[in-house]
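Single-structure report; data block below.
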Amino acid sequence: MAGRFVLDCGYCGSRHEADYLGRLCAKCDGPLIVNTDLGALKAGRPSGSALRDPSLPGMWTYLPLLPIADRSAIVSLGEGNTPLLRASRLAAHLGIDTLYLKDETRNPTGSFKDRMLAVGIARAQELGKKTVAVQSSGNVAAAAAAYAAKAGLQAKIFVPRTAPEEKLVQILMYGADLCRIDHSSPTEIFDLLLWACGEFDWYLASTAAIFNPFTLEGAKTIAYEIAEQLAFELPDWLVVPVGGGGNIGTLWRGFTDLRELGLVTRLPRMVGVQAAGCAPFVEAVRLGRTPRQALTWRWPTIETIAGAIADDVVFDAHIALPAVRESHGTAVAVTDEESLAMEGMLAATEGIFVEPASATTLAALRRLLTDGQIRREDRVCCVLTGLGLKDMTSARKLVAPIETVPMSREAIRARVCRG
Ligand SMILES: [Zn+2]
């Protein structure tokens, strides 16, 4: 497996071998990108099966495209292989013919981050690390805690003071060492965590490529699955929530892998969605910022309930901005009210309960349909990244107070008549 992938600098293009242990480019301190040797992969296998190692379960079936060399390092809780659901009732409400939902809430800890932390923890095991660390609003933290538990590693978790209580309890249940920091800026908490990792020799398993180019690679398997589930006829638009930018960037790289392997010809246009109260990526797209400019510009004050995507800096601008620009896509900011409305509509029409960050994709779709950028006949796929049970405070705003009905036939009759 040695030599199967390399690490390329996202700024200067310098190539580093797979055993390079630095976090950033040795030449210019730029962010690194894991690139699989697709040519060798394609030459070695018939194209249809190039993607898969059929002996492995779930997302690990894509091991030939993941940067893990040692199979014995793999830790799995059954992540990946999530359904791609045709959302006919919701589509009718929105006025679109074909809407698919990639339901990532089905992952073991309830979010798409499981795919990434499965890779991050496998990488930590390859390196012989005993303690992993992340900073996160909750989903990365829960995934890191669960996979560390499964692997028998220690997990050190830094969360901002704004993280929802449900997520904190989930993290603690997995036995992680939780540190709630009295601060709300992910950027500054990252700085503190970077210091701690150096000081105490913790392995930083971050899902931001700029902090760890390996972990994020697990997200590419979402793109591979969507392609296979649609028989390699990719949708016209792929709509994803954007926090630090790693998700949209990695999904796009997953699709370009498939094009390079000769498995698809047309790629989707990528739509990155943020909450209007924290939208540095949307600003970067609108103003034509370079990745370096985006990385050094911080959203001043975070004000949104979509905590899972409330990153004040586009940490992975080096892959996120190209995803929108190369695909001729767009970036959209939606209000919390729009997202909450779609969270309710999604649950009531399709039976899927997501957290606000995931509902932003549907709010953005509605907006793009209204202004004509997406047409009724376009095929659209929205990626639903996290489960609604992780943030009940937001969901409670959508439901009526729960009443208790007296234990009598009369009371039931009165209630039914009331409608
Ligand atoms: Zn460089």
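Labels used: A, B, ... for chains in the order of the structure tokens, numbers from 1 for residues in each chain, and numbers from 1 for ligands as shown.
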
If you take only C-alpha atoms and all ligand atoms and a cut-off of 10 Å, which residues of chain A touch ligand 1, and what are their nearest atom pairs and distances in Å to one decimal, in chain and number order, as a tab-separated table?
```
residue	atom	partner	partner_atom_place_in_ligand_line	distance
A:Asp8	CA	ligand 1	1 (Zn)	7.8
A:Cys9	CA	ligand 1	1 (Zn)	4.6
A:Gly10	CA	ligand 1	1 (Zn)	6.6
A:Tyr11	CA	ligand 1	1 (Zn)	5.2
A:Cys12	CA	ligand 1	1 (Zn)	4.0
A:Gly13	CA	ligand 1	1 (Zn)	5.8
A:Ser14	CA	ligand 1	1 (Zn)	5.3
A:Arg15	CA	ligand 1	1 (Zn)	8.3
A:His16	CA	ligand 1	1 (Zn)	9.7
A:Leu24	CA	ligand 1	1 (Zn)	7.8
A:Cys25	CA	ligand 1	1 (Zn)	4.6
A:Ala26	CA	ligand 1	1 (Zn)	6.6
A:Lys27	CA	ligand 1	1 (Zn)	5.0
A:Cys28	CA	ligand 1	1 (Zn)	4.1
A:Asp29	CA	ligand 1	1 (Zn)	5.8
A:Gly30	CA	ligand 1	1 (Zn)	4.7
A:Pro31	CA	ligand 1	1 (Zn)	7.3
A:Leu32	CA	ligand 1	1 (Zn)	7.8
```

Please provide as an mmCIF file with all heavy atoms, in the first residue's frame all residues within 8 Å of segment 156-165 of chain A, with the sequence filter that same-chain residues fewer than 3 positions apart are discarded (counting only C-alpha atoms).
```
data_model
loop_
_atom_site.group_PDB
_atom_site.id
_atom_site.type_symbol
_atom_site.label_atom_id
_atom_site.label_comp_id
_atom_site.auth_asym_id
_atom_site.auth_seq_id
_atom_site.Cartn_x
_atom_site.Cartn_y
_atom_site.Cartn_z
ATOM 1 N N THR A 131 -3.614 9.280 22.872
ATOM 2 C CA THR A 131 -4.597 10.312 23.225
ATOM 3 C C THR A 131 -4.904 11.155 21.993
ATOM 4 O O THR A 131 -3.993 11.631 21.318
ATOM 5 C CB THR A 131 -4.032 11.234 24.332
ATOM 6 O OG1 THR A 131 -3.672 10.422 25.457
ATOM 7 C CG2 THR A 131 -5.068 12.259 24.764
ATOM 8 N N VAL A 132 -6.192 11.325 21.694
ATOM 9 C CA VAL A 132 -6.599 12.177 20.575
ATOM 10 C C VAL A 132 -7.318 13.395 21.131
ATOM 11 O O VAL A 132 -7.909 13.343 22.220
ATOM 12 C CB VAL A 132 -7.509 11.434 19.577
ATOM 13 C CG1 VAL A 132 -6.786 10.259 18.963
ATOM 14 C CG2 VAL A 132 -8.807 10.999 20.235
ATOM 15 N N ALA A 133 -7.293 14.491 20.371
ATOM 16 C CA ALA A 133 -7.932 15.725 20.828
ATOM 17 C C ALA A 133 -8.638 16.407 19.667
ATOM 18 O O ALA A 133 -8.162 16.334 18.524
ATOM 19 C CB ALA A 133 -6.879 16.659 21.414
ATOM 20 N N VAL A 134 -9.780 17.027 19.952
ATOM 21 C CA VAL A 134 -10.487 17.840 18.952
ATOM 22 C C VAL A 134 -11.105 19.049 19.650
ATOM 23 O O VAL A 134 -11.349 19.025 20.852
ATOM 24 C CB VAL A 134 -11.618 17.069 18.223
ATOM 25 C CG1 VAL A 134 -11.074 15.927 17.397
ATOM 26 C CG2 VAL A 134 -12.686 16.571 19.198
ATOM 27 N N GLN A 135 -11.392 20.071 18.850
ATOM 28 C CA GLN A 135 -12.258 21.165 19.309
ATOM 29 C C GLN A 135 -13.451 21.131 18.386
ATOM 30 O O GLN A 135 -13.323 20.878 17.196
ATOM 31 C CB GLN A 135 -11.524 22.505 19.310
ATOM 32 C CG GLN A 135 -11.705 23.409 18.094
ATOM 33 C CD GLN A 135 -12.980 24.215 18.107
ATOM 34 O OE1 GLN A 135 -13.433 24.690 19.139
ATOM 35 N NE2 GLN A 135 -13.594 24.360 16.945
ATOM 36 N N SER A 136 -14.635 21.354 18.937
ATOM 37 C CA SER A 136 -15.828 21.184 18.117
ATOM 38 C C SER A 136 -17.034 21.727 18.833
ATOM 39 O O SER A 136 -17.068 21.833 20.058
ATOM 40 C CB SER A 136 -16.003 19.689 17.846
ATOM 41 O OG SER A 136 -17.326 19.256 17.971
ATOM 42 N N SER A 137 -18.065 22.074 18.048
ATOM 43 C CA SER A 137 -19.325 22.526 18.638
ATOM 44 C C SER A 137 -20.133 21.343 19.153
ATOM 45 O O SER A 137 -21.147 21.508 19.787
ATOM 46 C CB SER A 137 -20.135 23.269 17.588
ATOM 47 O OG SER A 137 -20.528 22.377 16.568
ATOM 48 N N GLY A 138 -19.694 20.122 18.839
ATOM 49 C CA GLY A 138 -20.397 18.966 19.375
ATOM 50 C C GLY A 138 -20.360 17.719 18.512
ATOM 51 O O GLY A 138 -20.146 16.629 19.031
ATOM 52 N N ALA A 141 -16.872 16.293 18.209
ATOM 53 C CA ALA A 141 -16.500 15.863 19.555
ATOM 54 C C ALA A 141 -17.148 14.527 19.894
ATOM 55 O O ALA A 141 -16.488 13.622 20.421
ATOM 56 C CB ALA A 141 -16.926 16.935 20.560
ATOM 57 N N ALA A 145 -15.107 11.104 20.508
ATOM 58 C CA ALA A 145 -15.247 10.407 21.785
ATOM 59 C C ALA A 145 -15.664 8.955 21.572
ATOM 60 O O ALA A 145 -15.131 8.042 22.204
ATOM 61 C CB ALA A 145 -16.262 11.140 22.656
ATOM 62 N N LEU A 168 -23.188 17.647 24.787
ATOM 63 C CA LEU A 168 -22.209 17.507 25.877
ATOM 64 C C LEU A 168 -22.437 16.204 26.643
ATOM 65 O O LEU A 168 -21.489 15.485 26.984
ATOM 66 C CB LEU A 168 -22.291 18.702 26.826
ATOM 67 C CG LEU A 168 -22.073 20.081 26.185
ATOM 68 C CD1 LEU A 168 -22.014 21.163 27.243
ATOM 69 C CD2 LEU A 168 -20.786 20.098 25.365
ATOM 70 N N VAL A 169 -23.705 15.898 26.889
ATOM 71 C CA VAL A 169 -24.017 14.653 27.597
ATOM 72 C C VAL A 169 -23.564 13.460 26.758
ATOM 73 O O VAL A 169 -22.986 12.492 27.266
ATOM 74 C CB VAL A 169 -25.524 14.577 27.909
ATOM 75 C CG1 VAL A 169 -25.878 13.217 28.495
ATOM 76 C CG2 VAL A 169 -25.927 15.689 28.875
ATOM 77 N N ALA A 176 -15.273 10.561 27.402
ATOM 78 C CA ALA A 176 -14.218 11.512 27.021
ATOM 79 C C ALA A 176 -13.982 12.532 28.130
ATOM 80 O O ALA A 176 -14.836 12.754 28.985
ATOM 81 C CB ALA A 176 -14.622 12.231 25.741
ATOM 82 N N ASP A 177 -12.815 13.149 28.076
ATOM 83 C CA ASP A 177 -12.481 14.238 29.000
ATOM 84 C C ASP A 177 -12.942 15.535 28.338
ATOM 85 O O ASP A 177 -12.318 16.019 27.398
ATOM 86 C CB ASP A 177 -10.966 14.229 29.246
ATOM 87 C CG ASP A 177 -10.542 15.322 30.218
ATOM 88 O OD1 ASP A 177 -11.427 15.958 30.836
ATOM 89 O OD2 ASP A 177 -9.326 15.548 30.352
ATOM 90 N N LEU A 178 -14.067 16.075 28.811
ATOM 91 C CA LEU A 178 -14.694 17.241 28.177
ATOM 92 C C LEU A 178 -14.246 18.523 28.854
ATOM 93 O O LEU A 178 -14.301 18.641 30.078
ATOM 94 C CB LEU A 178 -16.220 17.118 28.295
ATOM 95 C CG LEU A 178 -17.033 18.301 27.778
ATOM 96 C CD1 LEU A 178 -16.932 18.416 26.268
ATOM 97 C CD2 LEU A 178 -18.490 18.170 28.207
ATOM 98 N N CYS A 179 -13.830 19.481 28.031
ATOM 99 C CA CYS A 179 -13.396 20.773 28.554
ATOM 100 C C CYS A 179 -14.217 21.855 27.874
ATOM 101 O O CYS A 179 -13.986 22.161 26.697
ATOM 102 C CB CYS A 179 -11.905 20.922 28.242
ATOM 103 S SG CYS A 179 -11.077 22.060 29.292
ATOM 104 N N ARG A 180 -15.233 22.368 28.580
ATOM 105 C CA ARG A 180 -16.034 23.460 27.988
ATOM 106 C C ARG A 180 -15.306 24.763 28.247
ATOM 107 O O ARG A 180 -15.104 25.145 29.391
ATOM 108 C CB ARG A 180 -17.440 23.482 28.582
ATOM 109 C CG ARG A 180 -18.260 24.637 28.029
ATOM 110 C CD ARG A 180 -19.744 24.470 28.206
ATOM 111 N NE ARG A 180 -20.138 24.422 29.599
ATOM 112 C CZ ARG A 180 -21.395 24.223 30.003
ATOM 113 N NH1 ARG A 180 -22.355 24.040 29.120
ATOM 114 N NH2 ARG A 180 -21.687 24.184 31.275
ATOM 115 N N ILE A 181 -14.931 25.426 27.155
ATOM 116 C CA ILE A 181 -14.124 26.640 27.269
ATOM 117 C C ILE A 181 -15.057 27.852 27.322
ATOM 118 O O ILE A 181 -16.007 27.937 26.522
ATOM 119 C CB ILE A 181 -13.180 26.775 26.041
ATOM 120 C CG1 ILE A 181 -12.381 25.474 25.810
ATOM 121 C CG2 ILE A 181 -12.257 27.978 26.211
ATOM 122 C CD1 ILE A 181 -11.325 25.179 26.827
ATOM 123 N N ASP A 182 -14.770 28.759 28.202
ATOM 124 C CA ASP A 182 -15.610 29.946 28.360
ATOM 125 C C ASP A 182 -15.306 30.954 27.253
ATOM 126 O O ASP A 182 -14.717 32.017 27.482
ATOM 127 C CB ASP A 182 -15.377 30.559 29.752
ATOM 128 C CG ASP A 182 -16.387 31.666 30.032
ATOM 129 O OD1 ASP A 182 -17.391 31.760 29.292
ATOM 130 O OD2 ASP A 182 -16.166 32.428 30.984
ATOM 131 N N HIS A 183 -15.699 30.580 26.018
ATOM 132 C CA HIS A 183 -15.418 31.410 24.844
ATOM 133 C C HIS A 183 -16.296 30.892 23.711
ATOM 134 O O HIS A 183 -16.767 29.751 23.767
ATOM 135 C CB HIS A 183 -13.938 31.280 24.456
ATOM 136 C CG HIS A 183 -13.421 32.475 23.712
ATOM 137 N ND1 HIS A 183 -13.202 33.689 24.306
ATOM 138 C CD2 HIS A 183 -13.093 32.653 22.407
ATOM 139 C CE1 HIS A 183 -12.752 34.548 23.413
ATOM 140 N NE2 HIS A 183 -12.682 33.943 22.241
ATOM 141 N N SER A 184 -16.526 31.716 22.672
ATOM 142 C CA SER A 184 -17.386 31.241 21.581
ATOM 143 C C SER A 184 -16.682 31.177 20.236
ATOM 144 O O SER A 184 -17.234 30.650 19.277
ATOM 145 C CB SER A 184 -18.635 32.136 21.471
ATOM 146 O OG SER A 184 -18.236 33.457 21.214
ATOM 147 N N SER A 185 -15.466 31.696 20.120
ATOM 148 C CA SER A 185 -14.788 31.708 18.823
ATOM 149 C C SER A 185 -14.027 30.406 18.575
ATOM 150 O O SER A 185 -13.049 30.105 19.272
ATOM 151 C CB SER A 185 -13.795 32.870 18.747
ATOM 152 O OG SER A 185 -12.905 32.658 17.669
ATOM 153 N N PRO A 186 -14.455 29.604 17.567
ATOM 154 C CA PRO A 186 -13.717 28.378 17.257
ATOM 155 C C PRO A 186 -12.245 28.638 16.958
ATOM 156 O O PRO A 186 -11.382 27.845 17.322
ATOM 157 C CB PRO A 186 -14.438 27.838 16.017
ATOM 158 C CG PRO A 186 -15.794 28.442 16.052
ATOM 159 C CD PRO A 186 -15.629 29.787 16.701
ATOM 160 N N ILE A 189 -10.318 29.021 20.214
ATOM 161 C CA ILE A 189 -10.269 27.748 20.947
ATOM 162 C C ILE A 189 -9.307 26.780 20.243
ATOM 163 O O ILE A 189 -8.576 26.026 20.885
ATOM 164 C CB ILE A 189 -11.678 27.153 21.108
ATOM 165 C CG1 ILE A 189 -12.549 28.114 21.944
ATOM 166 C CG2 ILE A 189 -11.620 25.778 21.777
ATOM 167 C CD1 ILE A 189 -13.999 27.706 22.076
ATOM 168 N N LEU A 193 -6.149 24.765 21.767
ATOM 169 C CA LEU A 193 -5.995 23.312 21.624
ATOM 170 C C LEU A 193 -4.662 22.957 20.967
ATOM 171 O O LEU A 193 -4.007 21.985 21.361
ATOM 172 C CB LEU A 193 -7.168 22.732 20.819
ATOM 173 C CG LEU A 193 -7.145 21.210 20.675
ATOM 174 C CD1 LEU A 193 -7.285 20.516 22.015
ATOM 175 C CD2 LEU A 193 -8.260 20.745 19.739
ATOM 176 N N GLY A 307 -25.320 25.867 15.297
ATOM 177 C CA GLY A 307 -23.994 25.805 15.909
ATOM 178 C C GLY A 307 -23.022 24.886 15.187
ATOM 179 O O GLY A 307 -21.817 25.116 15.197
ATOM 180 N N LYS A 390 -29.862 15.939 18.579
ATOM 181 C CA LYS A 390 -28.659 16.532 19.148
ATOM 182 C C LYS A 390 -28.874 17.978 19.593
ATOM 183 O O LYS A 390 -28.001 18.567 20.224
ATOM 184 C CB LYS A 390 -27.532 16.518 18.114
ATOM 185 C CG LYS A 390 -26.900 15.153 17.922
ATOM 186 C CD LYS A 390 -26.040 15.179 16.675
ATOM 187 C CE LYS A 390 -25.084 14.015 16.620
ATOM 188 N NZ LYS A 390 -23.843 14.246 17.351
ATOM 189 N N ASP A 391 -29.978 18.571 19.180
ATOM 190 C CA ASP A 391 -30.223 19.967 19.536
ATOM 191 C C ASP A 391 -31.716 20.178 19.759
ATOM 192 O O ASP A 391 -32.413 20.739 18.918
ATOM 193 C CB ASP A 391 -29.700 20.884 18.409
ATOM 194 C CG ASP A 391 -29.803 22.357 18.793
ATOM 195 O OD1 ASP A 391 -30.331 22.662 19.882
ATOM 196 O OD2 ASP A 391 -29.348 23.196 17.993
ATOM 197 N N THR A 393 -33.144 22.059 21.961
ATOM 198 C CA THR A 393 -33.521 23.441 22.296
ATOM 199 C C THR A 393 -34.085 24.151 21.071
ATOM 200 O O THR A 393 -35.096 24.850 21.149
ATOM 201 C CB THR A 393 -32.284 24.208 22.813
ATOM 202 O OG1 THR A 393 -31.684 23.415 23.842
ATOM 203 C CG2 THR A 393 -32.671 25.550 23.389
#
```

Neighbour list for Trp299 of chain A as a list in words, cut-off 8 Å, only C-alpha atoms, skip fewer than 5 positions in-chain: Cys278, Ala279, Pro280, Asp312 and Val313 of chain A

Exercise: Glu326 of chain A partners within 12 Å, only C-alpha atoms, chain neighbours under 5 positions left out, as a PyMOL selection string: chain A and resi 249+252-253+255-256+267-271+319-321

Let's have the selection written as a PDB file, in the first residue's frame, with N, CA, C and O atoms.
```pdb
ATOM      1  N   GLY A 249     -15.501  21.043   0.305  1.00  0.00           N
ATOM      2  CA  GLY A 249     -14.267  20.838  -0.447  1.00  0.00           C
ATOM      3  C   GLY A 249     -13.972  19.368  -0.673  1.00  0.00           C
ATOM      4  O   GLY A 249     -13.547  18.948  -1.750  1.00  0.00           O
ATOM      5  N   TRP A 252     -16.460  17.666  -3.117  1.00  0.00           N
ATOM      6  CA  TRP A 252     -16.096  18.019  -4.489  1.00  0.00           C
ATOM      7  C   TRP A 252     -14.904  17.190  -4.958  1.00  0.00           C
ATOM      8  O   TRP A 252     -14.886  16.661  -6.067  1.00  0.00           O
ATOM      9  N   ARG A 253     -13.923  17.028  -4.079  1.00  0.00           N
ATOM     10  CA  ARG A 253     -12.754  16.222  -4.436  1.00  0.00           C
ATOM     11  C   ARG A 253     -13.155  14.759  -4.648  1.00  0.00           C
ATOM     12  O   ARG A 253     -12.588  14.065  -5.494  1.00  0.00           O
ATOM     13  N   PHE A 255     -16.002  13.808  -5.931  1.00  0.00           N
ATOM     14  CA  PHE A 255     -16.594  13.752  -7.276  1.00  0.00           C
ATOM     15  C   PHE A 255     -15.519  13.844  -8.363  1.00  0.00           C
ATOM     16  O   PHE A 255     -15.602  13.151  -9.383  1.00  0.00           O
ATOM     17  N   THR A 256     -14.517  14.694  -8.132  1.00  0.00           N
ATOM     18  CA  THR A 256     -13.465  14.798  -9.159  1.00  0.00           C
ATOM     19  C   THR A 256     -12.631  13.518  -9.235  1.00  0.00           C
ATOM     20  O   THR A 256     -12.148  13.152 -10.300  1.00  0.00           O
ATOM     21  N   LEU A 267     -20.365  16.526 -13.425  1.00  0.00           N
ATOM     22  CA  LEU A 267     -20.309  16.685 -11.970  1.00  0.00           C
ATOM     23  C   LEU A 267     -21.384  17.687 -11.527  1.00  0.00           C
ATOM     24  O   LEU A 267     -21.772  18.564 -12.288  1.00  0.00           O
ATOM     25  N   PRO A 268     -21.848  17.579 -10.278  1.00  0.00           N
ATOM     26  CA  PRO A 268     -22.859  18.530  -9.802  1.00  0.00           C
ATOM     27  C   PRO A 268     -22.274  19.914  -9.562  1.00  0.00           C
ATOM     28  O   PRO A 268     -21.073  20.056  -9.314  1.00  0.00           O
ATOM     29  N   ARG A 269     -23.146  20.922  -9.634  1.00  0.00           N
ATOM     30  CA  ARG A 269     -22.758  22.261  -9.192  1.00  0.00           C
ATOM     31  C   ARG A 269     -22.925  22.284  -7.679  1.00  0.00           C
ATOM     32  O   ARG A 269     -23.940  21.845  -7.154  1.00  0.00           O
ATOM     33  N   MET A 270     -21.902  22.786  -6.982  1.00  0.00           N
ATOM     34  CA  MET A 270     -21.878  22.718  -5.526  1.00  0.00           C
ATOM     35  C   MET A 270     -22.453  23.996  -4.908  1.00  0.00           C
ATOM     36  O   MET A 270     -22.043  25.106  -5.271  1.00  0.00           O
ATOM     37  N   VAL A 271     -23.383  23.810  -3.986  1.00  0.00           N
ATOM     38  CA  VAL A 271     -23.957  24.944  -3.254  1.00  0.00           C
ATOM     39  C   VAL A 271     -23.537  24.834  -1.791  1.00  0.00           C
ATOM     40  O   VAL A 271     -23.867  23.855  -1.117  1.00  0.00           O
ATOM     41  N   ILE A 319      -9.730  24.327  -0.205  1.00  0.00           N
ATOM     42  CA  ILE A 319     -10.491  23.332  -0.976  1.00  0.00           C
ATOM     43  C   ILE A 319     -11.955  23.744  -1.134  1.00  0.00           C
ATOM     44  O   ILE A 319     -12.615  23.344  -2.089  1.00  0.00           O
ATOM     45  N   ALA A 320     -12.468  24.564  -0.213  1.00  0.00           N
ATOM     46  CA  ALA A 320     -13.884  24.949  -0.257  1.00  0.00           C
ATOM     47  C   ALA A 320     -14.160  25.943  -1.385  1.00  0.00           C
ATOM     48  O   ALA A 320     -15.160  25.803  -2.114  1.00  0.00           O
ATOM     49  N   LEU A 321     -13.321  26.951  -1.537  1.00  0.00           N
ATOM     50  CA  LEU A 321     -13.554  27.946  -2.589  1.00  0.00           C
ATOM     51  C   LEU A 321     -13.447  27.326  -3.987  1.00  0.00           C
ATOM     52  O   LEU A 321     -14.305  27.571  -4.841  1.00  0.00           O
TER      53      LEU A 321
END
```

Selected residue, from A:Pro322, A:Gly262, A:Pro235, A:Pro356, that lies nearest to Gly344 of chain A when counting only C-alpha atoms: A:Pro356

Test item, helix (DSSP H, G or I) assignment across segment 77-301 of chain A, answer as a PyMOL selection string: chain A and resi 88-94+104-106+113-126+139-151+165-173+186-200+215-229+246-260+280-287+291-295

Those in segment 82-263 of chain A with strand (DSSP E or B) from DSSP, as a ChimeraX atom specification: /A:84-86,98-103,111,131-135,154-160,177-181,203-204,237-241

Among the residues A:Asn139, A:Gly388, A:Ala149, A:His93, the one that comes closest to Gly351 of chain A [using only C-alpha atoms]: A:Gly388

Distance in Å - atom CA of Ile68 of chain A versus atom CA of Asp191 of chain A: 27.2 Å

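Atom CA of Met59 of chain A is positioned 26.6 Å from atom CA of Gln274 of chain A.
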